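Dropping input04.txt in here (compact mmCIF, C-alpha atoms and all ligand atoms):
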# COMPACT_ATOMS: atom_id res chain seq x y z
CA MET A 28 29.79 20.82 8.56
CA SER A 29 28.55 18.37 11.14
CA GLY A 30 28.84 14.85 9.86
CA PRO A 31 26.76 11.81 10.61
CA ARG A 32 27.41 9.86 13.76
CA ARG A 33 26.43 6.40 14.90
CA GLY A 34 23.06 6.14 16.62
CA THR A 35 23.31 5.54 20.35
CA LEU A 36 22.74 1.96 21.39
CA SER A 37 20.54 1.56 24.41
CA ARG A 38 20.66 -1.33 26.90
CA VAL A 39 16.91 -1.09 27.52
CA PRO A 40 14.97 -1.14 24.27
CA PRO A 41 12.84 2.01 23.98
CA LEU A 42 9.10 1.71 23.43
CA ASN A 43 9.04 1.92 19.68
CA LEU A 44 8.82 -0.41 16.75
CA GLY A 45 12.07 0.78 15.20
CA ASN A 46 14.27 -1.18 17.55
CA GLN A 47 12.54 -4.52 17.26
CA GLN A 48 14.76 -5.68 14.41
CA PRO A 49 18.56 -5.54 14.35
CA LYS A 50 20.12 -2.34 13.05
CA THR A 51 22.36 -2.25 10.03
CA PRO A 52 25.95 -2.76 11.22
CA LEU A 53 27.35 -0.31 8.64
CA ASP A 54 28.63 3.22 9.21
CA ALA A 55 27.74 5.97 6.70
CA ASP A 56 30.79 5.38 4.56
CA GLN A 57 30.17 1.63 4.31
CA ALA A 58 26.46 2.15 3.70
CA TRP A 59 27.08 4.48 0.72
CA ARG A 60 29.64 2.03 -0.65
CA ALA A 61 27.13 -0.80 -0.40
CA THR A 62 24.47 1.44 -1.97
CA ALA A 63 26.73 2.30 -4.93
CA GLY A 64 26.62 -1.34 -6.03
CA ARG A 65 22.82 -1.32 -6.14
CA ALA A 66 21.95 2.37 -6.68
CA SER A 67 19.53 1.68 -9.52
CA ASP A 68 17.62 -0.63 -7.17
CA THR A 69 17.65 1.71 -4.16
CA VAL A 70 14.89 4.06 -2.97
CA LEU A 71 15.66 7.26 -1.05
CA PHE A 72 12.88 8.42 1.30
CA PHE A 73 12.75 11.80 3.02
CA ASP A 74 10.42 13.21 5.61
CA PHE A 75 9.80 16.96 5.08
CA ASP A 76 9.51 19.04 8.29
CA GLY A 77 12.57 18.88 10.50
CA THR A 78 14.37 16.74 7.92
CA LEU A 79 14.48 18.67 4.64
CA ALA A 80 13.29 21.93 6.21
CA PRO A 81 14.36 23.41 9.54
CA VAL A 82 11.59 23.97 12.06
CA ASP A 83 9.92 27.38 12.18
CA ASP A 84 7.33 28.77 14.61
CA ASP A 85 5.03 29.33 11.65
CA PRO A 86 4.20 26.08 9.77
CA THR A 87 3.45 28.08 6.61
CA ALA A 88 6.88 29.79 6.60
CA VAL A 89 9.16 26.76 6.24
CA GLN A 90 11.62 26.31 3.38
CA PRO A 91 14.01 23.43 2.58
CA ALA A 92 17.56 23.87 3.84
CA PRO A 93 20.19 25.12 1.38
CA LYS A 94 21.67 22.39 -0.85
CA VAL A 95 19.00 19.82 0.04
CA LEU A 96 16.84 20.18 -3.08
CA ALA A 97 19.79 20.44 -5.47
CA ALA A 98 21.31 17.29 -3.97
CA ILE A 99 18.02 15.37 -4.20
CA GLU A 100 17.50 16.48 -7.80
CA ALA A 101 21.00 15.26 -8.69
CA LEU A 102 20.51 11.97 -6.83
CA ALA A 103 17.10 11.18 -8.38
CA PRO A 104 18.37 9.87 -11.76
CA LEU A 105 21.02 7.75 -10.02
CA VAL A 106 18.62 5.74 -7.87
CA ARG A 107 15.47 3.75 -8.49
CA ARG A 108 13.18 6.31 -6.86
CA VAL A 109 13.15 9.33 -4.55
CA ALA A 110 10.05 9.84 -2.40
CA ILE A 111 9.02 12.49 0.11
CA VAL A 112 6.82 10.99 2.84
CA SER A 113 5.19 13.62 5.01
CA ALA A 114 2.26 14.61 7.20
CA ARG A 115 1.82 17.65 4.96
CA PRO A 116 -0.66 17.60 2.06
CA VAL A 117 0.80 16.76 -1.37
CA GLU A 118 -0.10 20.25 -2.62
CA PHE A 119 1.97 21.85 0.15
CA LEU A 120 4.92 19.59 -0.67
CA ARG A 121 4.68 20.42 -4.37
CA ASP A 122 4.63 24.15 -3.60
CA HIS A 123 7.61 23.90 -1.26
CA LEU A 124 9.88 21.63 -3.27
CA GLY A 125 10.66 24.21 -5.93
CA GLY A 126 9.52 22.14 -8.92
CA LEU A 127 11.67 19.17 -7.96
CA ALA A 128 11.30 16.76 -10.88
CA GLY A 129 11.03 12.97 -10.92
CA VAL A 130 10.13 12.64 -7.25
CA ASP A 131 7.15 10.82 -5.70
CA LEU A 132 5.16 12.66 -3.02
CA TYR A 133 3.25 10.91 -0.22
CA GLY A 134 1.21 13.39 1.83
CA LEU A 135 -0.93 13.17 4.97
CA TYR A 136 0.89 10.01 6.07
CA GLY A 137 0.11 8.36 2.75
CA LEU A 138 -3.58 9.32 2.53
CA GLU A 139 -2.54 11.20 -0.62
CA HIS A 140 0.13 10.52 -3.23
CA SER A 141 1.41 11.85 -6.52
CA HIS A 142 3.90 9.93 -8.64
CA SER A 143 6.55 11.90 -10.46
CA GLY A 144 4.53 15.09 -10.98
CA GLY A 145 1.27 13.26 -11.74
CA GLU A 146 -2.17 14.01 -10.33
CA THR A 147 -2.83 13.77 -6.61
CA VAL A 148 -4.69 10.62 -5.62
CA THR A 149 -6.54 10.47 -2.29
CA GLU A 150 -7.23 7.28 -0.37
CA PRO A 151 -10.98 6.76 -1.00
CA ALA A 152 -11.67 5.50 2.53
CA ALA A 153 -10.51 8.84 3.95
CA LEU A 154 -12.70 11.13 1.80
CA PRO A 155 -15.93 10.82 3.84
CA TRP A 156 -14.01 12.28 6.80
CA VAL A 157 -13.36 15.70 5.23
CA PRO A 158 -16.46 17.39 6.78
CA THR A 159 -15.62 15.96 10.21
CA MET A 160 -12.08 17.31 9.99
CA GLN A 161 -13.37 20.74 8.92
CA GLU A 162 -15.82 20.82 11.87
CA LEU A 163 -13.05 19.75 14.22
CA ALA A 164 -10.77 22.56 13.00
CA ASP A 165 -13.57 25.11 13.48
CA LEU A 166 -14.27 23.80 16.98
CA ALA A 167 -10.58 23.87 17.89
CA ARG A 168 -10.33 27.52 16.79
CA ALA A 169 -13.36 28.37 18.90
CA GLU A 170 -12.46 26.41 22.02
CA LEU A 171 -8.66 26.30 22.37
CA PRO A 172 -6.99 29.18 24.21
CA PRO A 173 -5.19 31.93 22.27
CA GLY A 174 -1.65 30.80 21.46
CA ALA A 175 -2.66 27.34 20.23
CA LEU A 176 -2.32 27.13 16.47
CA VAL A 177 -4.86 25.11 14.49
CA GLU A 178 -3.70 23.81 11.09
CA PHE A 179 -6.47 22.35 8.91
CA LYS A 180 -5.14 19.97 6.25
CA ARG A 181 -8.39 18.66 4.73
CA LEU A 182 -7.88 15.11 6.01
CA SER A 183 -6.25 15.96 9.31
CA VAL A 184 -6.04 18.71 11.89
CA ALA A 185 -2.76 19.59 13.60
CA LEU A 186 -2.93 21.34 16.98
CA HIS A 187 0.33 23.21 17.65
CA TRP A 188 1.73 24.70 20.86
CA ARG A 189 5.28 25.65 19.72
CA THR A 190 4.77 29.36 20.42
CA ALA A 191 2.85 28.67 23.66
CA PRO A 192 4.53 25.65 25.28
CA GLN A 193 2.55 26.18 28.49
CA LEU A 194 -0.54 25.03 26.59
CA ARG A 195 0.81 21.54 25.81
CA GLU A 196 -1.33 19.71 28.35
CA VAL A 197 -4.53 21.65 27.58
CA VAL A 198 -4.13 21.12 23.83
CA GLN A 199 -3.26 17.43 24.17
CA GLU A 200 -6.19 16.72 26.50
CA TRP A 201 -8.61 18.61 24.28
CA GLY A 202 -7.35 16.86 21.14
CA GLU A 203 -7.44 13.40 22.66
CA ALA A 204 -10.98 13.92 24.02
CA GLN A 205 -12.21 15.12 20.61
CA ALA A 206 -10.54 12.21 18.83
CA GLU A 207 -12.30 9.79 21.16
CA ARG A 208 -15.64 11.57 20.78
CA LEU A 209 -15.44 11.51 16.96
CA GLY A 210 -13.79 8.11 16.51
CA LEU A 211 -10.59 9.64 15.11
CA ARG A 212 -6.92 8.75 15.64
CA VAL A 213 -4.10 10.83 17.09
CA GLN A 214 -0.44 11.09 16.12
CA ALA A 215 2.03 12.86 18.39
CA GLY A 216 4.74 15.05 16.87
CA ARG A 217 7.09 17.90 17.65
CA MET A 218 5.03 20.27 19.83
CA VAL A 219 1.97 19.17 17.91
CA LEU A 220 -0.89 16.70 18.21
CA GLU A 221 -2.30 15.56 14.92
CA ILE A 222 -5.87 14.21 14.61
CA LYS A 223 -6.56 11.93 11.65
CA PRO A 224 -9.34 9.78 10.19
CA PRO A 225 -9.52 6.16 11.40
CA VAL A 226 -8.03 4.86 8.16
CA ASP A 227 -5.14 2.42 8.23
CA ARG A 228 -2.40 4.41 6.56
CA ASP A 229 0.93 5.51 8.01
CA LYS A 230 4.50 6.12 6.88
CA GLY A 231 5.44 2.53 7.67
CA MET A 232 2.75 1.18 5.35
CA VAL A 233 3.87 3.48 2.53
CA ILE A 234 7.50 2.42 2.87
CA GLY A 235 6.59 -1.28 3.17
CA GLU A 236 4.70 -1.11 -0.14
CA VAL A 237 7.33 0.86 -2.06
CA VAL A 238 10.31 -1.29 -1.01
CA ARG A 239 8.58 -4.62 -1.64
CA ASP A 240 10.69 -5.33 -4.73
CA ALA A 241 13.58 -2.90 -4.15
CA GLY A 242 17.14 -3.92 -3.32
CA GLY A 243 17.73 -1.23 -0.73
CA ALA A 244 16.42 1.99 0.79
CA TRP A 245 17.46 4.91 2.97
CA TYR A 246 14.92 6.75 5.14
CA PHE A 247 15.72 10.17 6.61
CA GLY A 248 13.40 11.43 9.36
CA ASP A 249 13.23 13.40 12.59
CA ASP A 250 9.90 12.67 14.25
CA VAL A 251 8.18 9.80 16.04
CA SER A 252 5.95 9.06 13.05
CA ASP A 253 9.16 8.31 11.12
CA ILE A 254 9.96 5.45 13.49
CA LYS A 255 7.23 3.44 11.75
CA ALA A 256 9.10 4.00 8.49
CA PHE A 257 12.32 2.77 10.09
CA ALA A 258 10.43 -0.29 11.31
CA ALA A 259 9.26 -1.02 7.77
CA LEU A 260 12.87 -1.02 6.53
CA ARG A 261 13.91 -3.25 9.44
CA ALA A 262 11.11 -5.68 8.60
CA ARG A 263 12.10 -5.74 4.93
CA SER A 264 15.76 -6.40 5.86
CA ALA A 265 14.73 -9.15 8.28
CA ALA A 266 12.72 -10.87 5.53
CA ASP A 267 15.56 -10.58 2.99
CA PRO A 268 19.16 -10.33 4.20
CA GLU A 269 20.19 -9.08 0.74
CA PHE A 270 18.09 -5.93 1.24
CA LEU A 271 20.04 -2.93 2.55
CA GLY A 272 17.92 -0.66 4.77
CA VAL A 273 19.53 2.43 6.29
CA CYS A 274 17.62 4.53 8.84
CA VAL A 275 18.91 8.06 9.43
CA ALA A 276 17.67 10.38 12.19
CA VAL A 277 17.90 14.15 11.94
CA ALA A 278 18.71 15.44 15.42
CA ASN A 279 16.38 17.78 17.31
CA PRO A 280 15.74 18.71 20.93
CA GLU A 281 12.17 17.35 21.03
CA THR A 282 11.85 13.87 19.53
CA GLY A 283 15.53 13.57 18.65
CA HIS A 284 16.54 11.07 21.31
CA GLU A 285 13.74 8.61 20.59
CA VAL A 286 14.25 8.80 16.84
CA ALA A 287 18.05 8.52 17.10
CA GLU A 288 17.62 5.43 19.28
CA ALA A 289 15.72 3.76 16.46
CA ALA A 290 18.11 4.88 13.70
CA ASP A 291 21.45 3.62 12.36
CA LEU A 292 22.94 7.08 11.92
CA THR A 293 22.20 10.58 13.13
CA ILE A 294 22.69 13.82 11.22
CA ASP A 295 22.77 17.11 13.08
CA SER A 296 20.27 19.21 11.14
CA PRO A 297 18.52 19.71 7.78
CA ALA A 298 21.47 21.88 6.72
CA ALA A 299 23.88 19.06 7.56
CA LEU A 300 21.67 16.71 5.53
CA GLY A 301 22.24 18.97 2.50
CA ASP A 302 26.00 18.52 2.94
CA PHE A 303 25.67 14.79 3.58
CA LEU A 304 23.71 14.21 0.36
CA THR A 305 25.97 16.47 -1.68
CA GLU A 306 28.99 14.49 -0.53
CA ALA A 307 27.24 11.19 -1.34
CA LEU A 308 26.60 12.20 -4.94
CA PRO A 309 29.99 11.39 -6.48
CA ARG A 310 29.89 8.02 -4.73
CA LEU A 311 26.80 6.97 -6.66
CA ARG A 312 27.89 8.30 -10.06
O1 LIG B 1 5.82 14.44 8.41
P1 LIG B 1 6.44 15.80 8.45
O2 LIG B 1 6.77 16.36 7.11
O3 LIG B 1 7.64 15.86 9.37
O4 LIG B 1 5.34 16.77 9.13
C1 LIG B 1 5.14 16.77 10.56
C2 LIG B 1 4.45 18.05 10.97
O5 LIG B 1 5.22 19.11 10.42
C3 LIG B 1 4.73 20.44 10.64
O6 LIG B 1 4.85 20.76 12.01
C4 LIG B 1 6.20 20.79 12.46
O7 LIG B 1 6.92 21.80 11.74
C5 LIG B 1 6.41 23.15 11.93
C6 LIG B 1 7.18 24.07 10.99
O8 LIG B 1 8.55 23.98 11.21
C7 LIG B 1 6.57 23.53 13.40
O9 LIG B 1 6.07 24.84 13.63
C8 LIG B 1 5.80 22.51 14.27
O10 LIG B 1 6.05 22.76 15.65
C9 LIG B 1 6.24 21.06 13.96
O11 LIG B 1 5.41 20.13 14.63
C10 LIG B 1 3.32 20.57 10.16
O12 LIG B 1 2.86 21.87 10.46
C11 LIG B 1 2.43 19.50 10.71
O13 LIG B 1 1.17 19.58 10.09
C12 LIG B 1 3.03 18.12 10.44
O14 LIG B 1 2.23 17.15 11.10
Here is a file; write its structure as structure tokens.
Amino acid sequence: MSGPRRGTLSRVPPLNLGNQQPKTPLDADQAWRATAGRASDTVLFFDFDGTLAPVDDDPTAVQPAPKVLAAIEALAPLVRRVAIVSARPVEFLRDHLGGLAGVDLYGLYGLEHSHSGGETVTEPAALPWVPTMQELADLARAELPPGALVEFKRLSVALHWRTAPQLREVVQEWGEAQAERLGLRVQAGRMVLEIKPPVDRDKGMVIGEVVRDAGGAWYFGDDVSDIKAFAALRARSAADPEFLGVCVAVANPETGHEVAEAADLTIDSPAALGDFLTEALPRLR
């Protein structure tokens, strides 16, 4: 198994929000020990793609890595809350988490949520944008060259070039021009450009709200959108030195460097995360 390693410290701060506050000075062992003393007051957050599930060419074919779901299910009763925070719709998360109980789901960067198996609630300000997103997906399918993959997610459209990397520039330019034309927002990701409604909601805002009265939190993520979540934990720690925020990057060849720079620890892969969480379990019991 590949264990966690310290994030690399950079002399020149990278251009992201995650490095604006000091990192936690603890290694993984110390961080779990500190968490054990406040487990019932700690929230565990996980991104989905690239964190719980290894990347696949086909976004519909992904599955969580072995051990990950069993470890999360066993951790859930030991901590205050477990939450999955993803760009995927809540329905997709529910279908791909194998009936995981007692876990909160935040989909579409927080535009949707479902608490502990409850109904899915959509941010009302986003709903009027559904027809625009549908039209955008149809237009993308008609206008983008073969090889670009268009993923319609009701309240966002993801334009993928993983299986046709030569199309990166064409897809990005097309997506950015459409976002400007329609007054939408873009979010970069791993070989993907995501186009979203102009509604103020991101992973950082979700995390900021959930940890407001928590004593600690861990966030595991692999992509640039997860850096906003790291920043929310940094901000919470800065406001309250008693709060323990631990930011963990899951390594990858695309966004890995930037995310690791913003994190306290780096884990090699979703499979290694399964081992990491399994080994943490007895420490919280
Ligand atoms: O917030 P996340 O849960 O990390 O979602 C981010 C994006 O994940 C998916 O795309 C990524 O994973 C795909 C499957 O492994 C891969 O083919 C693609 O290249 C990656 O960008 C998802 O399809 C997107 O909608 C999410 O925005």
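The list of residues with at least one atom within 12 Å of Pro151 (chain A), based on only C-alpha atoms and without residues fewer than 2 positions apart in the same chain, reads Gly137, Leu138, Glu139, His140, Val148, Thr149, Ala153, Leu154, Pro155, Trp156, Val157, Leu182, Pro224, Val226, Asp227 and Arg228 of chain A.
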List as number ranges by chain the protein and nucleic acid residues near Leu171 (chain A), meaning an atom at most 12 Å away when all atoms listed in the file are counted, but skip any in the same chain fewer than 3 places from it.
A: 163-168, 174-177, 186-188, 191, 194-202, 205
May I have the residues within 8 Å of Leu96 (chain A) as a list in words, using only C-alpha atoms and disregarding those fewer than 4 positions away in the same chain?
Pro91, Ala92, Glu100, Leu124, Gly125, Leu127 and Gly301 of chain A
Excluding Asp83 (chain A) and any residue of its chain fewer than 4 positions from it, enumerate the residues within 12 Å of it, using only C-alpha atoms, and give them as a compact mmCIF listing (two decimals) with C-alpha atoms, in the frame of the given file.
# COMPACT_ATOMS: atom_id res chain seq x y z
CA ASP A 76 9.51 19.04 8.29
CA GLY A 77 12.57 18.88 10.50
CA THR A 87 3.45 28.08 6.61
CA ALA A 88 6.88 29.79 6.60
CA VAL A 89 9.16 26.76 6.24
CA GLN A 90 11.62 26.31 3.38
CA PRO A 91 14.01 23.43 2.58
CA ALA A 92 17.56 23.87 3.84
CA HIS A 187 0.33 23.21 17.65
CA ARG A 189 5.28 25.65 19.72
CA THR A 190 4.77 29.36 20.42
CA ARG A 217 7.09 17.90 17.65
CA MET A 218 5.03 20.27 19.83
Is it possible to get the axis-aligned box enclosing ligand LIG 1 (chain B) (all listed atoms, 5 Å extra per side) as lines of an AutoDock Vina configuration file, with centre and edge lengths in Å rounded to one decimal?
center_x = 4.9
center_y = 19.6
center_z = 11.4
size_x = 17.4
size_y = 20.4
size_z = 18.5
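The gap separating CA of Asn279 (chain A) from CA of Arg212 (chain A) is 25.0 Å, in Å to one decimal.
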Write as an MDAnalysis selection string the residues around ligand LIG 1 (chain B), taking 8 Å as the cut-off and counting all atoms listed in the file.
chainID A and resid 74:78 80:89 112:115 135:136 178 180 184:185 187:189 216:221 248:250 252:253
Nearest residue to Ser296 (chain A) from the set A:Glu118, A:Lys255, A:His123, A:Leu79 (distances using all atoms listed in the file):
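Ranked by minimum distance to Ser296 (chain A), first place goes to A:Leu79.
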Counting only C-alpha atoms, figure out which residue out of A:Cys274, A:Ala169, A:Ala97, A:Met160 gets nearest to Ile222 (chain A).
A:Met160
Tell me, in Å to one decimal, how far CA of Leu132 (chain A) is from CA of Phe72 (chain A).
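Atom-to-atom, CA of Leu132 (chain A) to CA of Phe72 (chain A), that is 9.8 Å.
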